[in-house]
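Reading through the structure tokens given below for one structure.
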Amino acid sequence: MVFNHPLALNFSNAFKHSIPVSTSFTLLKYFQVSPSFNYTGRVYTEAEYKYWRNSLFYTPKADGTGTYTYGKVLTDTIAGLSYVHDWSFSTPLSTTLYGFYYPLLFKKNIQAIRHVVTPSISFNYTPDFGTAKWGYYDRYYNSAADTVGVIYSPYNIGGYGVPPNGKNGSLSFSIGNNLEMKVLNRKDTVESYRKIKILESFSIGTSYNLAADSMRLAPVSISGRTTLFENMGINFGGTLTPYDVNESGREINRMLINSQQKLLRMKNFYLSTGINLTSKGKATAKTSGKAGEKVQPEVRPSWGIYDDYEVFDATWSFRADYSFNIDFLTYNRETKQFTPTIRQDLRFGGNFAPTKNWRINYQLAYDIKTNTFQSPQLSFYRDLHCWEASMSVIPFGTLKSYSFRINIKSALFQGVEYKKDRTRYD
């Protein structure tokens, strides 16, 4: 169907609908199977077709002159309804294994250590929607002598994408781990135990593409996290590849186990840790006029001065983060080794509220490698009852700037404000 109405030529419309179907059941008592089917359909009202034209073209310039070129890639936009659809199928299978270790030593303090292993395997299939029978992809050439051409989709203009080009039939593997320990709780007067998370999660995963013609095994990814002292978290992860490289450092279809008797080669690794501290101030009472007598804090508001009693409710928070990243991307042809690139950062941030009307926020980053601070930021907020004032400052660095604003809080007077700022472009 082709639209000839002028309005149809001035609009670019698209429609999309999705039909997800999934279920879950138990197989042989211990295995959880969750197959799913996803269907996506798109309706486009136009398509863009590209082709090479062997003609002489004139390109004018601003000074009145122009240039002539022979041959050009042209684009024709054709109005008309087109239905483009794709589908995929997935079947995950997983189970859970439990292991318990009862230590011979420290029996009184450690009751047991539990290890939970969650292996899973998934089969994923997506047909090749780039073949000619579907008609979703075409080819154009960049010159009269071009015999390879460029593959493109005429429907890649509607905003909802196009079906994938290439067949995918892969098996995904992953193993999750969790390690906990039950120890004696010394805070209780009676004998009781509490759980300590030694390793909250540690996962290893990869996939094998049955439809690929080479290098079917995907890189192995690892990730993990745990928590120390209830307020300090640690995250880590990385990527390892099973393939060797050529003289230029590019991966080729040759397994490391066959060429170097190595199982895997690390491509990158990261580690980050952070600590978060918070404190909510409590009201402190001063003695009143009578000796030794204190006014009860709970009957006073959070801020004020009454006789000789002052309520001061201050809250603060502090956050510190450290990140470490190492990448093996630069290949040295002489040593036939990858040169590591290391990045380390420290970040600090938090806020402080000395009173109920004041709030102060701060952020600061430090690059360990370059020994430089990265654009520290300070912001202040003051509640002025019906009004409010805020200020943000980056005192130095490439983003050096400041902004100040005072305005009425009520939404009825939105826009009644005074604002002053200066950016790095001023």
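Following the order of the structure tokens, first chain is A, next is B, and so on, with residues numbered from 1 inside each chain and ligands from 1 in the order they appear.
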Non-local contacts of Lys16 in chain A (9 Å; only C-alpha atoms; under 2 positions in same chain excluded) as a list in words |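 Final neighbour list, sorted by chain and number: Ala14, Ser18, Thr40, Gly41, Arg42, Val43, Tyr44 and Tyr160 of chain A.
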Contacts of range 128-142 of chain A at 7 Å or less, counting only C-alpha atoms, minus same-chain residues fewer than 6 places along, as a ChimeraX atom specification?
-> /A:50-52,73,149-154,163-167
What lies within 9 Å of Ser88 in chain A using only C-alpha atoms, ignoring chain neighbours under 2 positions off, as JSON, numbers by chain?
-> {"A": [36, 37, 38, 39, 86, 90, 124, 125, 126, 127]}
Test item: residues at most 9 Å from Lys197 in chain A, only C-alpha atoms, excluding those fewer than 4 positions along its chain, as a PyMOL selection string = chain A and resi 178-182+226-228
Pick out each residue of range 205-261 of chain A that DSSP on the backbone tags as strand (DSSP E or B); I need them as a VMD selection string.
-> chain A and resid 205 to 209 217 220 to 228 232 to 241 243 to 245 251 to 255
Go through A:Ser317, A:Ser272, A:Asn168, A:Gln363 and flag the residue nearest Asp345 in chain A, using only C-alpha atoms for the distances.
->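 Of all the options, A:Ser272 lies closest to Asp345 in chain A.
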Counting only C-alpha atoms, what are the residues of range 46-105 of chain A within 10 Å of range 170-174 of chain A, and for each of them which pair of atoms is the nearest and at what distance in Å, to one decimal? Sort the table by chain and rising number, as a tab-separated table.
residue	atom	partner	partner_atom	distance
A:Ser90	CA	A:Ser170	CA	9.6
A:Thr91	CA	A:Leu171	CA	9.7
A:Pro92	CA	A:Ser172	CA	8.7
A:Leu93	CA	A:Phe173	CA	9.9
A:Ser94	CA	A:Ser174	CA	9.4
When distances are computed from only C-alpha atoms, which of A:Ser192, A:Ser410, A:Ser392, A:Thr335 shows the smallest separation from Asn109 in chain A?
-> A:Ser192
How many Å separate CA of Gln260 in chain A from CA of Ser203 in chain A?
->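 For CA of Gln260 in chain A relative to CA of Ser203 in chain A, the distance reads 26.3 Å.
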Tell me which protein, DNA and RNA residues are within 9 Å of Ile326 in chain A, counting only C-alpha atoms, leaving out same-chain ones fewer than 3 positions away, and put them as a PyMOL selection string.
-> chain A and resi 267-270+340-344
